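For reference, final23.cif (mmCIF, C-alpha atoms):
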```cif
data_upload
#
loop_
_atom_site.label_atom_id
_atom_site.label_comp_id
_atom_site.auth_asym_id
_atom_site.auth_seq_id
_atom_site.Cartn_x
_atom_site.Cartn_y
_atom_site.Cartn_z
CA MET O 1 -5.41 -7.23 3.60
CA THR O 2 -7.88 -8.61 1.06
CA ASP O 3 -7.32 -11.84 -0.84
CA ALA O 4 -6.43 -9.96 -4.02
CA GLU O 5 -3.89 -7.77 -2.22
CA LEU O 6 -2.48 -10.83 -0.51
CA ILE O 7 -2.06 -12.69 -3.79
CA TYR O 8 -0.40 -9.66 -5.37
CA ALA O 9 2.04 -9.40 -2.44
CA LEU O 10 2.61 -13.14 -2.52
CA GLN O 11 3.50 -13.01 -6.19
CA ASN O 12 5.97 -10.21 -5.45
CA GLN O 13 7.77 -12.40 -2.91
CA ASP O 14 6.73 -10.18 0.00
CA THR O 15 7.62 -12.23 3.11
CA HIS O 16 5.11 -10.33 5.25
CA SER O 17 2.34 -11.68 3.02
CA TRP O 18 3.72 -15.20 3.52
CA LYS O 19 3.16 -14.85 7.24
CA ILE O 20 -0.41 -13.68 6.74
CA VAL O 21 -1.16 -16.60 4.39
CA VAL O 22 0.21 -19.09 6.92
CA GLU O 23 -1.73 -17.53 9.79
CA ARG O 24 -4.98 -17.43 7.86
CA HIS O 25 -4.88 -20.79 6.14
CA GLN O 26 -2.74 -23.18 8.19
CA VAL O 27 -5.69 -24.73 10.05
CA GLN O 28 -7.53 -25.43 6.82
CA VAL O 29 -4.47 -26.88 5.06
CA TYR O 30 -3.47 -29.00 8.05
CA ASN O 31 -6.99 -30.40 8.50
CA VAL O 32 -7.31 -31.36 4.82
CA CYS O 33 -3.98 -33.20 5.04
CA TYR O 34 -5.02 -34.84 8.30
CA SER O 35 -8.34 -36.01 6.82
CA PHE O 36 -6.51 -37.90 4.11
CA LEU O 37 -3.43 -39.07 6.00
CA GLN O 38 -4.88 -39.64 9.49
CA ASN O 39 -1.47 -38.95 10.99
CA ALA O 40 -0.56 -35.74 12.84
CA HIS O 41 3.18 -35.91 12.13
CA ASP O 42 2.74 -36.44 8.40
CA ALA O 43 0.01 -33.82 8.19
CA GLU O 44 2.31 -31.28 9.86
CA ASP O 45 5.23 -32.07 7.54
CA LEU O 46 3.02 -31.87 4.51
CA THR O 47 1.45 -28.59 5.64
CA GLN O 48 4.91 -27.02 5.81
CA GLU O 49 5.82 -28.38 2.39
CA ILE O 50 2.57 -27.07 0.90
CA PHE O 51 3.23 -23.53 2.12
CA ILE O 52 6.80 -23.66 0.77
CA GLU O 53 5.36 -24.77 -2.58
CA VAL O 54 2.86 -21.91 -2.44
CA PHE O 55 5.64 -19.34 -1.79
CA ARG O 56 7.70 -20.72 -4.65
CA ASN O 57 4.88 -21.02 -7.16
CA ALA O 58 2.75 -18.00 -6.28
CA GLU O 59 3.18 -16.59 -9.79
CA LYS O 60 1.47 -19.71 -11.17
CA PHE O 61 -1.74 -18.79 -9.37
CA ARG O 62 -4.07 -17.61 -12.13
CA GLY O 63 -6.45 -15.84 -9.79
CA ASP O 64 -9.58 -17.43 -11.24
CA SER O 65 -10.48 -18.99 -7.89
CA LYS O 66 -10.23 -18.03 -4.24
CA LEU O 67 -6.88 -18.43 -2.50
CA SER O 68 -8.44 -20.91 -0.07
CA THR O 69 -9.73 -23.00 -2.98
CA TRP O 70 -6.26 -23.06 -4.54
CA LEU O 71 -4.73 -24.10 -1.20
CA HIS O 72 -7.37 -26.82 -0.78
CA ARG O 73 -6.54 -28.12 -4.23
CA ILE O 74 -2.82 -28.27 -3.50
CA ALA O 75 -3.43 -29.90 -0.11
CA VAL O 76 -5.63 -32.62 -1.63
CA ASN O 77 -3.17 -33.37 -4.45
CA ARG O 78 -0.16 -33.42 -2.18
CA SER O 79 -1.92 -35.67 0.35
CA LEU O 80 -2.90 -38.18 -2.31
CA ASN O 81 0.65 -38.12 -3.72
CA PHE O 82 1.99 -38.73 -0.25
CA LEU O 83 -0.28 -41.76 0.20
CA ARG O 84 0.72 -43.13 -3.21
CA ASN O 85 4.43 -42.74 -2.46
CA ASN O 86 3.96 -44.30 0.95
CA LYS O 87 2.23 -47.27 -0.62
CA LYS O 88 5.06 -47.69 -3.12
CA ARG O 89 7.65 -47.36 -0.36
CA ARG O 90 5.89 -49.96 1.74
CA PHE O 91 5.68 -52.31 -1.24
CA TRP O 92 9.41 -52.04 -2.03
CA THR O 93 10.39 -52.34 1.62
CA GLU O 94 8.34 -55.51 1.90
CA ILE O 95 9.94 -56.87 -1.28
CA SER O 96 13.42 -56.11 0.03
CA ASN O 97 12.46 -57.71 3.36
CA LEU O 98 11.41 -60.84 1.53
CA LEU O 99 14.64 -60.93 -0.44
CA THR O 100 16.95 -60.19 2.46
CA GLY O 101 14.89 -61.99 5.08
CA ASP O 102 15.39 -59.02 7.37
CA GLY O 103 12.50 -58.54 9.78
CA THR O 104 13.87 -55.47 11.53
CA SER O 105 13.72 -53.03 8.67
CA GLU O 106 11.90 -49.78 8.08
CA VAL O 107 8.37 -51.16 7.99
CA VAL O 108 8.58 -52.40 11.52
CA THR O 109 10.50 -49.52 13.01
CA ASP O 110 8.77 -46.65 11.24
CA HIS O 111 6.37 -45.37 13.90
CA ARG O 112 4.46 -43.27 11.41
CA MET O 113 3.70 -46.26 9.25
CA ASP O 114 2.76 -48.29 12.28
CA SER O 115 0.26 -45.76 13.50
CA LEU O 116 -1.28 -45.58 10.05
CA GLU O 117 -1.57 -49.35 9.89
CA ILE O 118 -3.19 -49.53 13.32
CA LYS O 119 -5.69 -46.88 12.34
CA GLU O 120 -6.37 -48.61 9.05
CA SER O 121 -7.09 -51.90 10.75
CA THR O 122 -9.26 -50.54 13.55
CA ASN O 123 -11.14 -47.77 11.82
CA GLN O 124 -13.53 -49.42 9.40
CA LEU O 125 -14.86 -46.12 8.13
CA TYR O 126 -11.36 -44.90 7.21
CA GLN O 127 -10.59 -48.22 5.57
CA ALA O 128 -13.80 -48.07 3.54
CA ILE O 129 -13.19 -44.45 2.48
CA SER O 130 -9.58 -45.27 1.51
CA SER O 131 -10.75 -48.04 -0.78
CA LEU O 132 -13.02 -45.72 -2.78
CA PRO O 133 -11.97 -44.59 -6.27
CA GLU O 134 -9.88 -41.43 -6.00
CA LYS O 135 -12.46 -38.88 -7.16
CA GLN O 136 -15.20 -40.35 -4.96
CA ARG O 137 -12.79 -40.34 -2.06
CA ILE O 138 -11.89 -36.68 -2.55
CA ALA O 139 -15.51 -35.59 -2.92
CA PHE O 140 -16.69 -37.61 0.09
CA THR O 141 -13.80 -36.50 2.32
CA LEU O 142 -14.18 -32.83 1.48
CA ASN O 143 -17.93 -32.92 1.98
CA LYS O 144 -18.22 -35.18 5.01
CA LEU O 145 -14.98 -34.60 6.90
CA GLU O 146 -14.14 -31.05 5.85
CA GLU O 147 -17.86 -30.23 5.80
CA LEU O 148 -17.54 -28.18 2.64
CA PRO O 149 -20.65 -27.51 0.56
CA TYR O 150 -21.02 -29.24 -2.82
CA ALA O 151 -20.33 -25.99 -4.69
CA GLU O 152 -16.96 -25.54 -2.99
CA VAL O 153 -16.06 -29.20 -3.51
CA ALA O 154 -16.86 -28.73 -7.21
CA GLU O 155 -14.60 -25.67 -7.37
CA ILE O 156 -11.71 -27.47 -5.65
CA MET O 157 -12.04 -30.52 -7.87
CA GLU O 158 -12.61 -28.39 -10.97
CA VAL O 159 -15.74 -30.32 -11.93
CA THR O 160 -19.42 -29.41 -12.22
CA LEU O 161 -21.84 -29.42 -9.31
CA ALA O 162 -23.73 -32.33 -10.90
CA SER O 163 -20.50 -34.34 -11.03
CA VAL O 164 -19.90 -33.80 -7.34
CA GLU O 165 -23.47 -34.88 -6.53
CA SER O 166 -22.99 -38.00 -8.61
CA LEU O 167 -19.57 -38.76 -7.07
CA ILE O 168 -20.89 -38.43 -3.52
CA HIS O 169 -23.98 -40.50 -4.31
CA ARG O 170 -21.82 -43.29 -5.75
CA ALA O 171 -19.44 -43.01 -2.83
CA LYS O 172 -22.33 -43.48 -0.38
CA LEU O 173 -23.61 -46.56 -2.20
CA SER O 174 -20.15 -48.04 -2.34
CA LEU O 175 -19.47 -47.30 1.33
CA GLN O 176 -22.82 -48.75 2.31
CA LYS O 177 -21.88 -52.03 0.61
CA LYS O 178 -18.43 -52.15 2.18
CA LEU O 179 -19.64 -51.24 5.65
CA SER O 180 -22.57 -53.62 5.37
CA ASN O 181 -20.16 -56.50 4.71
CA TYR O 182 -18.18 -55.48 7.74
CA ARG O 183 -21.37 -55.26 9.83
CA ASN O 184 -22.55 -58.70 8.76
CA ASN O 185 -19.17 -60.18 9.67
CA THR O 186 -18.87 -58.43 12.99
CA PHE O 187 -22.27 -58.25 14.63
CA MET N 1 -37.47 -48.06 6.83
CA ASN N 2 -35.43 -51.27 6.46
CA CYS N 3 -31.77 -51.90 7.45
CA ARG N 4 -30.33 -51.09 3.99
CA GLU N 5 -32.19 -47.80 3.76
CA THR N 6 -31.06 -46.97 7.27
CA GLU N 7 -27.43 -47.63 6.37
CA ILE N 8 -27.62 -45.26 3.39
CA LYS N 9 -29.34 -42.69 5.58
CA MET N 10 -26.48 -42.99 8.10
CA LEU N 11 -23.96 -41.93 5.47
CA GLU N 12 -26.20 -39.04 4.48
CA ILE N 13 -26.60 -37.85 8.05
CA LEU N 14 -22.87 -37.96 8.80
CA PRO N 15 -21.26 -35.91 10.27
CA PHE N 16 -23.81 -36.09 13.07
CA LYS N 17 -23.31 -33.49 15.78
CA LYS N 18 -24.77 -33.09 19.22
CA GLY N 19 -27.94 -31.08 18.99
CA ASP N 20 -28.71 -32.28 15.44
CA LYS N 21 -32.11 -33.92 15.07
CA LEU N 22 -32.36 -37.36 13.53
CA PRO N 23 -35.16 -38.03 11.02
CA PRO N 24 -38.12 -39.68 12.87
CA ASP N 25 -38.27 -42.84 10.70
CA PHE N 26 -34.50 -43.28 11.12
CA SER N 27 -34.74 -42.93 14.91
CA ALA N 28 -37.68 -45.34 14.95
CA HIS N 29 -35.66 -47.99 13.09
CA LEU N 30 -32.65 -47.56 15.41
CA ALA N 31 -34.94 -47.97 18.41
CA GLU N 32 -36.21 -51.31 17.21
CA CYS N 33 -33.05 -52.70 15.45
CA ASP N 34 -30.22 -53.50 17.79
CA GLN N 35 -27.74 -54.23 14.95
CA CYS N 36 -28.36 -50.91 13.20
CA SER N 37 -28.19 -49.06 16.50
CA ARG N 38 -24.78 -50.56 17.32
CA PHE N 39 -23.59 -49.98 13.78
CA TRP N 40 -24.64 -46.31 13.99
CA MET N 41 -22.73 -45.95 17.25
CA ASN N 42 -19.60 -47.52 15.74
CA LEU N 43 -19.80 -45.32 12.67
CA ASN N 44 -19.93 -42.22 14.84
CA LYS N 45 -17.07 -43.55 16.95
CA ASP N 46 -14.96 -44.14 13.81
CA LEU N 47 -15.74 -40.66 12.53
CA ALA N 48 -14.89 -39.12 15.90
CA GLN N 49 -11.59 -41.02 15.87
CA MET N 50 -10.86 -39.76 12.37
CA ASN N 51 -11.54 -36.19 13.46
CA ALA N 52 -9.67 -36.43 16.76
CA GLY N 53 -6.39 -35.10 15.40
CA ARG N 54 -7.88 -32.07 13.68
CA ILE N 55 -6.83 -28.64 14.91
CA LYS N 56 -9.02 -25.64 15.62
CA ASN N 57 -6.45 -22.93 16.27
CA ALA N 58 -3.46 -21.72 14.32
CA ASP N 59 -0.04 -22.62 15.68
CA PRO N 60 1.94 -19.36 16.21
CA LYS N 61 5.24 -21.20 15.70
CA ARG N 62 4.22 -22.65 12.36
CA PHE N 63 5.46 -19.72 10.27
CA GLU N 64 8.94 -19.86 11.82
CA GLN N 65 9.05 -23.62 11.27
CA ILE N 66 8.09 -23.15 7.63
CA MET N 67 10.71 -20.43 7.10
CA GLU N 68 13.35 -22.65 8.66
CA LYS N 69 12.40 -25.50 6.36
CA TYR N 70 12.26 -23.06 3.42
CA SER N 71 15.86 -21.89 3.96
CA ASP N 72 16.98 -25.50 4.53
CA ALA N 73 15.29 -26.47 1.28
CA LYS N 74 17.09 -23.61 -0.52
CA ILE N 75 20.47 -24.81 0.76
CA THR N 76 19.59 -28.39 -0.16
CA THR N 77 18.61 -27.26 -3.68
CA ILE N 78 21.93 -25.42 -4.16
CA LYS N 79 23.81 -28.39 -2.75
CA SER N 80 21.96 -30.84 -4.97
CA GLN N 81 22.55 -28.61 -8.03
CA SER N 82 26.28 -28.41 -7.36
CA GLY N 83 26.22 -32.13 -6.54
CA THR N 84 24.67 -32.86 -9.92
CA LEU N 85 27.28 -30.68 -11.60
CA ILE N 86 30.11 -32.52 -9.84
CA ARG N 87 28.48 -35.87 -10.57
CA PHE N 88 28.34 -35.16 -14.31
CA ALA N 89 31.59 -33.22 -14.54
CA ARG N 90 33.73 -36.06 -13.23
CA PRO N 91 32.84 -38.71 -15.89
CA LEU N 92 32.97 -36.04 -18.61
CA LEU N 93 36.49 -35.06 -17.56
CA VAL N 94 37.56 -38.70 -17.43
CA ALA N 95 36.12 -39.32 -20.91
CA ALA N 96 37.84 -36.22 -22.36
CA ALA N 97 41.15 -37.18 -20.76
CA SER N 98 40.83 -40.76 -22.11
CA VAL N 99 40.27 -39.47 -25.65
CA ALA N 100 43.24 -37.09 -25.41
CA ILE N 101 45.53 -39.81 -24.05
CA GLY N 102 44.29 -42.19 -26.78
CA ILE N 103 45.14 -39.69 -29.52
CA TRP N 104 48.56 -38.99 -28.06
CA VAL N 105 49.44 -42.70 -27.59
CA GLY N 106 48.11 -43.51 -31.07
CA GLY N 107 50.24 -40.78 -32.59
CA ARG N 108 53.33 -42.01 -30.79
CA LEU N 109 52.74 -45.61 -31.87
CA LEU N 110 52.30 -44.65 -35.55
CA ASN N 111 55.64 -42.87 -35.52
CA LEU N 112 57.33 -45.98 -34.12
CA ILE N 113 55.98 -48.41 -36.75
CA PRO N 114 58.33 -48.95 -39.77
CA SER N 115 57.28 -47.09 -42.89
CA THR N 116 57.00 -50.28 -44.98
CA VAL N 117 54.22 -51.55 -42.80
CA THR N 118 52.27 -48.33 -42.99
CA GLY N 119 52.87 -47.95 -46.75
CA ASN N 120 54.77 -44.68 -46.41
CA SER N 121 58.01 -45.91 -48.10
CA ASN N 122 59.60 -44.36 -51.16
CA GLU N 123 59.25 -47.63 -53.05
CA ILE N 124 56.44 -47.68 -55.60
CA THR N 125 53.55 -49.91 -54.61
CA ILE N 126 51.65 -52.18 -57.03
CA SER N 127 48.66 -49.84 -57.17
CA GLU N 128 50.95 -46.90 -57.95
CA GLN N 129 52.67 -48.90 -60.71
CA TYR N 130 49.29 -49.77 -62.18
CA ALA N 131 48.26 -46.12 -62.07
CA GLN N 132 51.46 -45.17 -63.91
CA ASP N 133 50.86 -47.87 -66.50
CA ILE N 134 47.47 -46.59 -67.48
CA TYR N 135 48.57 -42.95 -67.44
CA LEU N 136 48.60 -41.66 -70.98
CA ASN N 137 51.44 -39.27 -71.72
CA ASP N 138 51.21 -36.43 -74.20
CA GLU N 139 52.76 -38.51 -77.01
CA THR N 140 50.13 -41.22 -76.78
CA PHE N 141 47.43 -38.62 -76.75
CA GLU N 142 48.66 -37.03 -79.92
CA THR N 143 48.84 -40.44 -81.70
CA LEU N 144 45.30 -41.26 -80.70
CA GLU N 145 43.99 -37.86 -81.74
CA SER N 146 45.60 -38.05 -85.17
CA TYR N 147 44.28 -41.58 -85.65
CA LEU N 148 40.75 -40.61 -84.73
CA SER N 149 40.69 -37.41 -86.76
CA GLY N 150 42.24 -39.17 -89.77
CA LYS N 151 45.00 -36.57 -90.12
#
```
Structure rendered as structure tokens:
Amino acid sequence: MTDAELIYALQNQDTHSWKIVVERHQVQVYNVCYSFLQNAHDAEDLTQEIFIEVFRNAEKFRGDSKLSTWLHRIAVNRSLNFLRNNKKRRFWTEISNLLTGDGTSEVVTDHRMDSLEIKESTNQLYQAISSLPEKQRIAFTLNKLEELPYAEVAEIMEVTLASVESLIHRAKLSLQKKLSNYRNNTF
Amino acid sequence: MNCRETEIKMLEILPFKKGDKLPPDFSAHLAECDQCSRFWMNLNKDLAQMNAGRIKNADPKRFEQIMEKYSDAKITTIKSQSGTLIRFARPLLVAAASVAIGIWVGGRLLNLIPSTVTGNSNEITISEQYAQDIYLNDETFETLESYLSGK
């Protein structure tokens, strides 16, 4: 089944096409989520949610890009939303902890959050990438972790090739500064 | 190549894979700079750690898991829709009932109040007397008309 046939079937709510889409694209979607979230459990949950969203909103797909590009775009957006919501949740839980003086709440017991925090504190590269401005972060992650060429990154981000080049260049300079500080403090 | 240039080069070279060749000037700097060499090793270690959880093969159970979640989500949506309906219906019903009871009680109370208080008596009120006073009957009209016309 070609991409065009698959999209047509998808838009007609053909469940057989859903299976093909999942089989073909699950690795790609999962890995994009994992690159941003750095947590297997969250990446798996989000992958499932992304495919459900794709089944529900297939008719919204305009067909002016490849199916894989569209899936990449959804995966990136959903991952960033997840991180934002997680940040907000952590903030409010900490506030409620301060107000109630309860040390045994969600933040401490949530294993997913714990693992993310451990990774954040030990992995300097992840920490540095996470602190980049959003667009630089997306471009750098897709290019360096997903190993996608600039042209594909540009298509996913819906920007020009020159913009992607500029974003990655700025990301490198910014990362170099951040990592250099870390290096000077550590070695 | 100095340390700063080497650091920028590191980020350009990433992701470095076994079998890839490093640029000669970069390798030369790493060979003579212990700090950069260790930093390069750590950077690769961090990247390897970040990539450790990636998958290479599709999970055959994934589709079933998604379908399960999809049907659960459908049920949840229906439940939440009916929940919303119930949530809004209850206060609306209470409000409507309160208004109806208010009208009924109000009506009953008005019937109980004596007519003098409400102004519904057969006695003529001051405003009605005043209105009668200024009312011009036909006779007065005729007198005025004849006076004005000079007849």
With 6 Å as the limit and counting only C-alpha atoms, what residues in chain N lie close to chain O? Please list them as number ranges by chain.
N: 46, 54, 58, 66
Between atom CA of N:Asn51 and atom CA of O:Phe82, measure the distance and give it in Å to one decimal.
19.4 Å
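Here the PyMOL selection byres ((chain O and resi 150) around 10) matches the residues Ala139, Phe140, Leu142, Asn143, Glu147, Leu148, Pro149, Ala151, Glu152, Val153, Ala154, Glu155, Ile156, Thr160, Leu161, Ala162, Ser163, Val164, Glu165 and Ile168 of chain O.
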Name the closest residue to O:Asp14 among the candidates O:Ala128, O:Ile74, O:Ala58, O:Val159; distances are taken between atoms, counting all atoms listed in the file.
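Closest residue, counting all atoms listed in the file: O:Ala58.
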Name the residues in contact with O:Thr2 at a cut-off of 12 Å, using only C-alpha atoms, excluding same-chain residues fewer than 4 positions from it; report them as a PyMOL selection string.
chain O and resi 6-10+17+20-21+24+66-67
Residue nearest N:Phe26 among N:Ser127, N:Thr140, N:Asn42, N:Asn2 (counting only C-alpha atoms)
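Result for the nearest residue to N:Phe26: N:Asn2.
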For N:Leu30, please output as a PDB file with C-alpha atoms, keeping the file's coordinate frame all residues within 12 Å (counting only C-alpha atoms; exclusion window: fewer than 4 positions along the same chain).
```pdb
ATOM      1  CA  MET N   1     -37.470 -48.060   6.830  1.00  0.00           C
ATOM      2  CA  ASN N   2     -35.430 -51.270   6.460  1.00  0.00           C
ATOM      3  CA  CYS N   3     -31.770 -51.900   7.450  1.00  0.00           C
ATOM      4  CA  GLU N   5     -32.190 -47.800   3.760  1.00  0.00           C
ATOM      5  CA  THR N   6     -31.060 -46.970   7.270  1.00  0.00           C
ATOM      6  CA  GLU N   7     -27.430 -47.630   6.370  1.00  0.00           C
ATOM      7  CA  LYS N   9     -29.340 -42.690   5.580  1.00  0.00           C
ATOM      8  CA  MET N  10     -26.480 -42.990   8.100  1.00  0.00           C
ATOM      9  CA  LEU N  22     -32.360 -37.360  13.530  1.00  0.00           C
ATOM     10  CA  PRO N  23     -35.160 -38.030  11.020  1.00  0.00           C
ATOM     11  CA  PRO N  24     -38.120 -39.680  12.870  1.00  0.00           C
ATOM     12  CA  ASP N  25     -38.270 -42.840  10.700  1.00  0.00           C
ATOM     13  CA  PHE N  26     -34.500 -43.280  11.120  1.00  0.00           C
ATOM     14  CA  ASP N  34     -30.220 -53.500  17.790  1.00  0.00           C
ATOM     15  CA  GLN N  35     -27.740 -54.230  14.950  1.00  0.00           C
ATOM     16  CA  CYS N  36     -28.360 -50.910  13.200  1.00  0.00           C
ATOM     17  CA  SER N  37     -28.190 -49.060  16.500  1.00  0.00           C
ATOM     18  CA  ARG N  38     -24.780 -50.560  17.320  1.00  0.00           C
ATOM     19  CA  PHE N  39     -23.590 -49.980  13.780  1.00  0.00           C
ATOM     20  CA  TRP N  40     -24.640 -46.310  13.990  1.00  0.00           C
ATOM     21  CA  MET N  41     -22.730 -45.950  17.250  1.00  0.00           C
TER      22      MET N  41
END
```
I'd like to know which of O:Met157, O:Ala4, O:Leu167, O:Ile129 is closest to O:Arg73, using all atoms listed in the file.
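Smallest separation from O:Arg73 among the options: O:Met157.
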If I take atom CA of O:Ser130 and atom CA of O:Lys178, how far is one from the other in Å, to one decimal?
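So the two atoms, atom CA of O:Ser130 and atom CA of O:Lys178, lie 11.2 Å apart.
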Between atom CA of O:Leu46 and atom CA of N:Glu64 - distance in Å to one decimal
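Answer for the atom CA of N:Glu64 to atom CA of O:Leu46 separation: 15.3 Å.
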